[in-house]
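Asker: This is the content of work18.cif (mmCIF, C-alpha atoms):
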```
data_my_file
#
loop_
_atom_site.label_atom_id
_atom_site.label_comp_id
_atom_site.auth_asym_id
_atom_site.auth_seq_id
_atom_site.Cartn_x
_atom_site.Cartn_y
_atom_site.Cartn_z
CA MET A 7 0.00 0.00 0.00
CA HIS A 8 2.34 2.71 -1.21
CA GLU A 9 -0.39 4.53 -3.12
CA ILE A 10 -0.38 7.31 -0.48
CA GLY A 11 3.28 7.95 -1.37
CA ILE A 12 2.52 7.77 -5.10
CA ALA A 13 -0.48 10.14 -4.75
CA SER A 14 1.63 12.52 -2.70
CA SER A 15 4.36 12.52 -5.39
CA ILE A 16 1.70 13.27 -8.05
CA LEU A 17 0.43 16.19 -5.96
CA GLU A 18 3.97 17.52 -5.45
CA CYS A 19 4.39 17.47 -9.21
CA VAL A 20 1.05 19.31 -9.70
CA LYS A 21 2.03 21.95 -7.14
CA ALA A 22 5.44 22.50 -8.74
CA GLU A 23 3.91 22.79 -12.22
CA ALA A 24 1.15 25.10 -10.92
CA GLN A 25 3.74 27.33 -9.31
CA ARG A 26 5.50 27.73 -12.64
CA ARG A 27 2.20 28.91 -14.11
CA ALA A 28 1.17 31.38 -11.44
CA GLY A 29 -2.50 32.34 -11.42
CA VAL A 30 -3.65 29.38 -13.49
CA GLN A 31 -6.11 26.94 -11.96
CA VAL A 32 -5.31 23.23 -12.42
CA ILE A 33 -8.55 21.30 -12.90
CA ALA A 34 -7.21 17.82 -13.52
CA VAL A 35 -4.02 15.81 -13.62
CA GLY A 36 -3.57 12.94 -16.07
CA VAL A 37 -1.41 9.99 -15.08
CA ARG A 38 -0.38 6.81 -16.85
CA ILE A 39 -0.18 3.64 -14.80
CA GLY A 40 1.27 0.44 -16.18
CA GLU A 41 0.04 -3.00 -15.27
CA LEU A 42 3.54 -3.87 -13.98
CA SER A 43 3.90 -0.71 -11.91
CA ASN A 44 2.39 -2.30 -8.81
CA VAL A 45 -0.02 0.58 -8.34
CA ASP A 46 -3.67 -0.19 -7.69
CA LYS A 47 -6.02 2.28 -9.36
CA ASP A 48 -8.72 2.17 -6.68
CA ALA A 49 -6.21 2.56 -3.85
CA LEU A 50 -4.64 5.48 -5.74
CA ASP A 51 -8.06 7.15 -6.21
CA PHE A 52 -8.72 6.73 -2.50
CA ALA A 53 -5.30 8.09 -1.48
CA PHE A 54 -5.71 11.04 -3.85
CA GLU A 55 -9.11 11.86 -2.41
CA VAL A 56 -7.84 11.69 1.17
CA LEU A 57 -4.78 13.84 0.45
CA THR A 58 -6.71 16.57 -1.40
CA ARG A 59 -9.76 16.75 0.92
CA ASP A 60 -10.09 20.12 2.71
CA THR A 61 -7.09 21.50 0.83
CA PRO A 62 -6.90 24.09 -1.99
CA LEU A 63 -6.62 21.08 -4.37
CA GLN A 64 -9.92 19.54 -3.25
CA ALA A 65 -11.53 20.02 -6.68
CA LEU A 66 -8.55 18.54 -8.57
CA LYS A 67 -9.52 15.51 -10.64
CA LEU A 68 -7.26 12.50 -11.14
CA GLU A 69 -7.51 11.02 -14.63
CA VAL A 70 -5.87 7.61 -14.93
CA GLU A 71 -4.87 5.92 -18.17
CA TRP A 72 -4.29 2.23 -17.49
CA CYS A 73 -1.49 0.77 -19.64
CA PRO A 74 -1.52 -3.00 -20.19
CA ARG A 75 1.70 -4.88 -20.86
CA ARG A 76 2.80 -4.73 -24.50
CA GLN A 77 5.82 -6.46 -26.03
CA LYS A 78 7.70 -6.03 -29.28
CA CYS A 79 8.90 -9.18 -30.99
CA ILE A 80 12.65 -9.21 -31.58
CA ASN A 81 12.21 -11.56 -34.52
CA CYS A 82 9.48 -9.85 -36.60
CA ALA A 83 8.96 -6.48 -34.82
CA GLU A 84 5.27 -7.22 -34.21
CA GLU A 85 3.88 -5.28 -31.23
CA PHE A 86 1.38 -7.21 -29.18
CA LEU A 87 -0.69 -7.16 -26.02
CA VAL A 88 0.27 -9.75 -23.39
CA GLN A 89 -2.61 -11.79 -22.04
CA ASP A 90 -2.33 -14.54 -19.44
CA PHE A 91 1.46 -14.06 -19.39
CA ASN A 92 1.73 -15.42 -22.90
CA LEU A 93 4.90 -13.85 -24.29
CA ALA A 94 4.89 -15.74 -27.58
CA CYS A 95 4.54 -13.50 -30.63
CA PRO A 96 1.05 -13.95 -32.14
CA LYS A 97 2.45 -13.35 -35.65
CA CYS A 98 5.61 -15.49 -35.86
CA GLY A 99 5.45 -17.52 -32.62
CA ALA A 100 8.93 -16.47 -31.45
CA ASN A 101 9.45 -16.21 -27.73
CA HIS A 102 11.91 -13.33 -27.77
CA SER A 103 10.44 -9.93 -27.18
CA THR A 104 11.06 -6.76 -25.20
CA CYS A 105 8.63 -4.95 -22.97
CA ILE A 106 7.52 -1.67 -24.56
CA SER A 107 4.65 -0.75 -22.26
CA GLY A 108 3.25 -1.70 -18.87
CA THR A 109 5.80 -0.21 -16.47
CA GLU A 110 4.54 3.40 -16.76
CA LEU A 111 4.14 5.57 -13.70
CA ASP A 112 4.01 8.99 -15.29
CA VAL A 113 2.35 12.36 -14.93
CA ALA A 114 1.25 12.89 -18.53
CA TYR A 115 -0.63 16.18 -18.54
CA LEU A 116 -2.42 18.89 -16.59
CA GLU A 117 -5.84 20.21 -17.49
CA LEU A 118 -5.79 23.98 -16.91
CA GLU A 119 -8.67 26.41 -16.65
CA GLU A 120 -8.74 28.90 -19.47
CA PRO A 121 -7.80 32.27 -18.00
CA CYS A 122 -10.85 34.57 -17.95
CA ALA A 123 -10.58 37.63 -20.09
CA LYS A 124 -10.58 40.68 -17.86
CA SER A 125 -13.38 43.12 -18.55
CA MET B 30 -6.70 23.64 -21.95
CA ARG B 31 -4.40 20.64 -21.77
CA GLU B 32 -0.72 21.02 -21.07
CA ILE B 33 1.66 18.12 -21.55
CA VAL B 34 3.91 17.46 -18.55
CA GLU B 35 5.47 14.01 -19.22
CA LYS B 36 7.28 13.48 -15.95
CA LYS B 37 7.90 10.34 -13.96
CA VAL B 38 5.75 10.29 -10.83
CA LEU B 39 8.81 9.22 -8.86
CA SER B 40 11.17 11.60 -10.67
CA GLU B 41 12.61 12.93 -7.39
CA ASN B 42 13.45 9.39 -6.25
CA ASP B 43 14.84 8.60 -9.71
CA ARG B 44 17.06 11.68 -9.55
CA LEU B 45 18.48 10.66 -6.17
CA ALA B 46 18.89 7.06 -7.36
CA ALA B 47 20.84 8.30 -10.38
CA GLU B 48 23.15 10.20 -8.02
CA LEU B 49 23.62 7.05 -5.93
CA ARG B 50 24.34 5.02 -9.06
CA MET B 51 26.97 7.53 -10.09
CA ARG B 52 28.51 7.38 -6.61
CA TYR B 53 28.62 3.56 -6.72
CA HIS B 54 30.39 3.77 -10.09
CA GLU B 55 32.93 6.30 -8.87
CA GLN B 56 33.63 4.38 -5.66
CA ASN B 57 33.63 0.96 -7.32
CA ILE B 58 30.71 -0.35 -5.28
CA LEU B 59 28.46 -3.19 -6.37
CA CYS B 60 25.02 -2.50 -4.88
CA VAL B 61 22.29 -5.16 -4.88
CA ASN B 62 18.76 -4.79 -3.55
CA PHE B 63 17.11 -7.85 -1.94
CA ILE B 64 13.31 -7.92 -2.16
CA SER B 65 10.88 -10.59 -0.94
CA SER B 66 7.82 -11.26 1.18
CA PRO B 67 8.35 -11.07 4.94
CA GLY B 68 9.87 -14.35 6.13
CA SER B 69 11.34 -15.56 2.84
CA GLY B 70 14.83 -15.65 4.34
CA LYS B 71 16.52 -12.39 3.31
CA THR B 72 18.29 -11.93 6.64
CA ALA B 73 19.33 -15.59 6.83
CA LEU B 74 20.74 -15.35 3.30
CA LEU B 75 22.70 -12.24 4.25
CA GLU B 76 23.96 -13.87 7.45
CA ARG B 77 25.41 -16.84 5.62
CA THR B 78 26.73 -14.59 2.86
CA LEU B 79 28.60 -12.43 5.38
CA ALA B 80 29.85 -15.54 7.20
CA SER B 81 31.34 -16.72 3.90
CA TYR B 82 33.64 -13.73 3.65
CA THR B 83 36.71 -12.87 5.72
CA PRO B 84 36.95 -9.42 7.34
CA THR B 85 39.49 -8.43 4.69
CA HIS B 86 36.59 -8.21 2.24
CA SER B 87 34.89 -4.86 1.86
CA ILE B 88 31.16 -5.42 2.41
CA ALA B 89 28.48 -3.25 4.00
CA VAL B 90 24.80 -3.85 4.71
CA LEU B 91 21.79 -1.60 4.94
CA THR B 92 18.75 -3.42 6.26
CA GLY B 93 15.24 -1.98 6.18
CA ASP B 94 12.37 -2.75 8.50
CA ILE B 95 9.23 -0.97 9.57
CA GLN B 96 10.24 -1.39 13.22
CA THR B 97 13.08 -2.82 15.38
CA ASP B 98 16.82 -3.11 14.78
CA ASN B 99 16.71 -6.89 15.24
CA ASP B 100 18.11 -7.58 11.75
CA ALA B 101 21.02 -5.16 12.15
CA ARG B 102 21.89 -6.83 15.45
CA ARG B 103 21.81 -10.26 13.79
CA LEU B 104 23.94 -9.08 10.90
CA SER B 105 26.49 -7.03 12.82
CA GLN B 106 28.03 -10.14 14.42
CA TYR B 107 30.06 -10.82 11.29
CA GLY B 108 32.43 -7.87 11.60
CA PHE B 109 31.15 -5.83 8.64
CA PRO B 110 29.53 -2.39 8.83
CA VAL B 111 25.74 -2.74 9.13
CA ARG B 112 23.09 -0.09 9.54
CA GLN B 113 19.40 -0.52 10.25
CA ILE B 114 16.95 1.69 8.39
CA VAL B 115 13.77 1.89 10.47
CA THR B 116 11.11 3.23 8.13
CA GLY B 117 8.53 3.79 10.88
CA GLY B 118 5.62 2.52 8.83
CA THR B 119 6.77 3.07 5.26
CA CYS B 120 6.51 -0.21 3.36
CA HIS B 121 9.65 0.22 1.21
CA LEU B 122 13.07 1.86 1.11
CA ASP B 123 13.59 4.87 -1.11
CA ALA B 124 16.73 6.49 -2.49
CA ARG B 125 16.71 9.28 0.10
CA MET B 126 16.73 6.81 3.01
CA VAL B 127 19.60 4.89 1.40
CA GLU B 128 21.61 8.05 0.75
CA ARG B 129 21.24 9.25 4.35
CA HIS B 130 22.13 5.91 5.94
CA LEU B 131 24.95 5.27 3.51
CA ASN B 132 26.51 8.58 4.59
CA GLU B 133 26.13 7.59 8.24
CA LEU B 134 27.59 4.18 7.53
CA GLY B 135 30.72 5.82 6.13
CA PHE B 136 31.16 3.10 3.49
CA SER B 137 33.09 4.43 0.55
CA GLY B 138 34.10 1.32 -1.40
CA PRO B 139 35.46 -0.35 -3.34
CA GLY B 140 33.32 -3.28 -2.29
CA VAL B 141 29.82 -4.67 -2.08
CA LEU B 142 26.78 -2.95 -0.62
CA LEU B 143 23.93 -5.32 0.22
CA ILE B 144 20.56 -3.67 0.78
CA GLU B 145 17.84 -5.71 2.44
CA ASN B 146 14.56 -4.04 1.60
CA VAL B 147 11.45 -4.06 3.78
CA GLY B 148 9.66 -7.43 3.49
CA ASN B 149 7.09 -6.68 0.79
CA LEU B 150 6.76 -7.87 -2.82
CA VAL B 151 4.81 -4.85 -4.03
CA CYS B 152 6.02 -1.40 -3.03
CA PRO B 153 9.84 -1.84 -3.01
CA SER B 154 9.76 -2.69 -6.71
CA SER B 155 8.76 0.88 -7.64
CA TYR B 156 11.69 2.58 -5.93
CA ASP B 157 15.07 2.62 -7.63
CA LEU B 158 17.89 2.63 -5.06
CA GLY B 159 20.64 2.97 -7.66
CA GLU B 160 21.35 -0.76 -7.43
CA ALA B 161 23.06 -2.81 -10.15
CA ALA B 162 20.50 -5.58 -9.65
CA LYS B 163 17.29 -6.34 -7.85
CA ILE B 164 17.26 -9.83 -6.40
CA VAL B 165 13.92 -11.41 -5.57
CA LEU B 166 13.68 -14.24 -3.03
CA LEU B 167 10.98 -16.88 -3.03
CA SER B 168 10.91 -19.54 -0.33
CA VAL B 169 9.63 -23.08 -0.84
CA THR B 170 6.99 -22.52 1.84
CA GLU B 171 5.27 -20.00 -0.44
CA GLY B 172 3.25 -20.69 -3.59
CA GLU B 173 4.78 -21.45 -7.00
CA ASP B 174 2.42 -18.84 -8.47
CA LYS B 175 3.97 -15.89 -6.61
CA PRO B 176 5.68 -14.62 -9.80
CA LEU B 177 2.26 -14.46 -11.47
CA LYS B 178 0.63 -12.78 -8.49
CA TYR B 179 3.40 -10.18 -8.13
CA PRO B 180 4.67 -9.75 -11.70
CA GLY B 181 6.04 -6.24 -11.09
CA ILE B 182 8.99 -7.35 -9.00
CA PHE B 183 9.72 -10.55 -10.94
CA HIS B 184 9.74 -8.48 -14.12
CA ARG B 185 12.34 -6.08 -12.72
CA ALA B 186 14.57 -8.59 -10.90
CA ALA B 187 17.79 -9.87 -12.48
CA LEU B 188 17.90 -12.93 -10.24
CA MET B 189 15.37 -15.10 -8.43
CA ILE B 190 16.71 -17.03 -5.45
CA LEU B 191 14.67 -19.98 -4.26
CA THR B 192 15.34 -20.24 -0.53
CA LYS B 193 14.83 -22.86 2.19
CA THR B 194 15.39 -25.75 -0.24
CA ASP B 195 16.26 -28.00 2.73
CA LEU B 196 12.49 -28.00 3.42
CA LEU B 197 11.59 -29.35 -0.04
CA PRO B 198 11.07 -32.94 1.19
CA HIS B 199 8.46 -31.65 3.64
CA VAL B 200 6.41 -29.32 1.48
CA GLU B 201 4.48 -29.63 -1.76
CA PHE B 202 6.46 -27.13 -3.78
CA ASP B 203 7.48 -27.63 -7.38
CA PRO B 204 10.64 -25.56 -8.12
CA ASP B 205 10.31 -26.17 -11.88
CA LEU B 206 6.79 -24.73 -11.87
CA ALA B 207 7.94 -21.68 -9.86
CA LEU B 208 10.74 -21.07 -12.37
CA GLU B 209 8.38 -21.59 -15.31
CA ASN B 210 6.05 -18.95 -13.81
CA ALA B 211 8.94 -16.54 -13.25
CA HIS B 212 10.00 -17.01 -16.89
CA LYS B 213 6.47 -16.23 -18.05
CA VAL B 214 6.83 -12.81 -16.44
CA ASN B 215 10.53 -12.31 -17.18
CA PRO B 216 12.22 -14.69 -19.64
CA GLU B 217 15.62 -13.19 -18.77
CA ILE B 218 15.51 -13.79 -15.02
CA GLU B 219 18.36 -15.88 -13.64
CA TYR B 220 17.74 -18.56 -11.04
CA ILE B 221 19.57 -20.03 -8.06
CA ALA B 222 18.17 -22.50 -5.50
CA LEU B 223 19.80 -22.64 -2.07
CA SER B 224 19.43 -23.28 1.60
CA SER B 225 20.88 -20.72 4.00
CA ARG B 226 20.60 -23.34 6.75
CA THR B 227 22.61 -26.14 5.14
CA GLY B 228 24.63 -24.03 2.72
CA ASP B 229 23.47 -26.13 -0.22
CA GLY B 230 23.69 -24.03 -3.40
CA PHE B 231 25.64 -21.27 -1.70
CA ASP B 232 28.71 -21.69 -3.86
CA VAL B 233 26.57 -20.88 -6.92
CA TRP B 234 25.17 -17.76 -5.24
CA LEU B 235 28.58 -16.47 -4.12
CA HIS B 236 29.93 -17.12 -7.59
CA TRP B 237 27.04 -15.13 -9.10
CA LEU B 238 27.66 -12.20 -6.75
CA ASN B 239 31.39 -12.31 -7.42
CA ALA B 240 30.88 -12.37 -11.18
CA LEU B 241 28.54 -9.37 -10.99
CA GLN B 242 31.07 -7.50 -8.86
CA HIS B 243 33.77 -8.09 -11.45
CA LYS B 244 31.45 -6.98 -14.22
CA VAL B 245 30.48 -3.79 -12.39
CA GLN B 246 34.07 -2.98 -11.44
CA HIS B 247 35.19 -3.62 -14.98
CA SER B 248 32.62 -1.19 -16.37
CA ALA B 249 33.43 1.37 -13.64
CA ALA B 250 37.11 1.14 -14.55
CA ALA B 251 36.23 1.68 -18.20
CA ILE B 252 34.09 4.72 -17.35
CA ASN B 253 36.60 6.22 -14.91
CA SER B 254 39.58 5.80 -17.23
#
```
Rewrite the coordinates I just gave you, this time as C-alpha cells.
Answerer:
Amino acid sequence: MHEIGIASSILECVKAEAQRRAGVQVIAVGVRIGELSNVDKDALDFAFEVLTRDTPLQALKLEVEWCPRRQKCINCAEEFLVQDFNLACPKCGANHSTCISGTELDVAYLELEEPCAKS
Amino acid sequence: MREIVEKKVLSENDRLAAELRMRYHEQNILCVNFISSPGSGKTALLERTLASYTPTHSIAVLTGDIQTDNDARRLSQYGFPVRQIVTGGTCHLDARMVERHLNELGFSGPGVLLIENVGNLVCPSSYDLGEAAKIVLLSVTEGEDKPLKYPGIFHRAALMILTKTDLLPHVEFDPDLALENAHKVNPEIEYIALSSRTGDGFDVWLHWLNALQHKVQHSAAAINS
C-alpha cells in the first residue's frame, strides 16, 4: 500500500507545475499507470481523495490511463498485447520480445482552466 | 486547456537514485537490492553470505524494517559495517533513506553494498535505489504462483533465489513450476536455489555475486579511465 506515497508525489508534481504557471487553476491531472507498476487504481483514487480533501486542491480531478503490458517481438517487430502471461509473438510464434509498455508511472498532462478575459 | 507534462511520478526518487548510481560507479561499489515477502529468508541469506567472507573483504549492509533493529543486530556479528533503516511505517526503502544511511555508515568502497529491503513484494519494486540488480527471493513454503501474483517485481529482478530448499522434502512445492512462472513474467531472469541453513547451493550464489562485482568494477574502470 504505497499509493499514499505515489499520490503525494503526483500532488507535489502538480504543485510544482502550478507554481511555474502562477494564477492558473489546475482542474485535472492525467497519469499513466502500467500494469507492472504495482499501483492499484482504486487505492490510488482513494489516497488522492484523502490527500486533497479540505485543501486548496480539493476540486482537482485525477484522470488515470491504465497501460496494459505490451511487447515487441525481436524476430518480426510485431507489437502485441500480453494476455495470461503469454509472451509468444502472435504473428511469428517467437518467444523473444522486449517490454515496450506496462511499467509506466508517469504524470502525462495537466488540465488547466482557461484564463478569464478581464473586462 | 491541456498542457503536456510528461514526468515520472517518482522523478525525485529517480534523480536521487541516479546520483547514488553515479557514486557507486565512482567508488567501485556493487550494490544489490534484496526484495521478498516477509519471512522468505533475506536476513538468513545475508547472514550466511557475510559468514562466507573474511573481514578483509569490503562489504556493507543496509537493512530496512518498519520497526526494530533486530536484523542489524543479527547481521552485525560478522564484523562488517551494518546499519538498520527503520522506516517507521513506510513499506519500502527509497533512495533518500539509502543516501542518508549510507553517509552515516561511512562506506566508501570499493566493495559490495547489500541492501535488504522491507519485506514486501509490491512497493519496493517501484523505488530505484541505484542498485546494479534487484534480487527477488521466493521460499519453498510460499506458492509457486507468486511470480504471477506479483509480476512487477519478478519483471524487474535480475535474479530469483529460491530459498529454504532444505524443506523441499516436507512441502508440496514444485521448483520447476515456480521457475516456469517466473520465466512467463521475465524470460531473462536468472535462477539459483539454495538453503541458507545447510549451505546447499551457496557456492553458486557467491559465484554469481562475485561475477557481478567483477562486471560492475570492470565497467566502472572503463568509465573512470
Asker: Nearest to Gln77 (chain A): which of B:Leu150, B:Leu188, B:Cys120, B:Val214 is it, counting only C-alpha atoms?
Answerer: B:Val214
Asker: List every residue of region 168-194 of chain B that has an atom at most 12 Å from any atom of region 78-96 of chain A, giving for each one its closest atom pair and the distance in Å to one decimal, counting all atoms listed in the file, sorted by chain and then by ascending residue number, as a Markdown table.
Answerer:
```
| residue | atom | partner | partner_atom | distance |
| --- | --- | --- | --- | --- |
| B:Asp174 | CA | A:Phe91 | CA | 12.0 |
| B:Pro176 | CA | A:Phe91 | CA | 10.5 |
| B:Leu177 | CA | A:Phe91 | CA | 8.0 |
| B:Lys178 | CA | A:Phe91 | CA | 11.0 |
| B:Pro180 | CA | A:Phe91 | CA | 9.4 |
| B:His184 | CA | A:Phe91 | CA | 11.3 |
```
Asker: Can you tell me how far CA of Thr192 (chain B) sits from CA of Leu238 (chain B), in Å to one decimal?
Answerer: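 Value for the CA of Thr192 (chain B)-CA of Leu238 (chain B) distance: 16.0 Å.
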Asker: Find the residues around Cys73 (chain A) up to 12 Å (all atoms listed in the file counted), leave out those fewer than 3 positions away in its own chain, and share them as a list in words.
Answerer: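 Within the cut-off, the hits are Val37, Arg38, Ile39, Gly40, Glu41, Leu42, Ser43, Asn44, Val45, Lys47, Val70, Arg76, Leu87, Val88, Ile106, Ser107, Gly108, Thr109, Glu110, Leu111 and Asp112 of chain A.
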Asker: Here's the selection I'm unsure about, the PyMOL selection byres ((chain B) within 6 of (chain A)); applied to the file above, which residues does it give, as a PDB file with C-alpha atoms, keeping the file's coordinate frame?
Answerer:
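Listed below is the output, out-v8.pdb:
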```
ATOM      1  CA  MET B  30      -6.700  23.640 -21.950  1.00  0.00           C
ATOM      2  CA  ARG B  31      -4.400  20.640 -21.770  1.00  0.00           C
ATOM      3  CA  GLU B  32      -0.720  21.020 -21.070  1.00  0.00           C
ATOM      4  CA  ILE B  33       1.660  18.120 -21.550  1.00  0.00           C
ATOM      5  CA  VAL B  34       3.910  17.460 -18.550  1.00  0.00           C
ATOM      6  CA  GLU B  35       5.470  14.010 -19.220  1.00  0.00           C
ATOM      7  CA  LYS B  36       7.280  13.480 -15.950  1.00  0.00           C
ATOM      8  CA  LYS B  37       7.900  10.340 -13.960  1.00  0.00           C
ATOM      9  CA  VAL B  38       5.750  10.290 -10.830  1.00  0.00           C
ATOM     10  CA  VAL B 151       4.810  -4.850  -4.030  1.00  0.00           C
ATOM     11  CA  CYS B 152       6.020  -1.400  -3.030  1.00  0.00           C
ATOM     12  CA  GLY B 181       6.040  -6.240 -11.090  1.00  0.00           C
ATOM     13  CA  LYS B 213       6.470 -16.230 -18.050  1.00  0.00           C
TER      14      LYS B 213
END
```
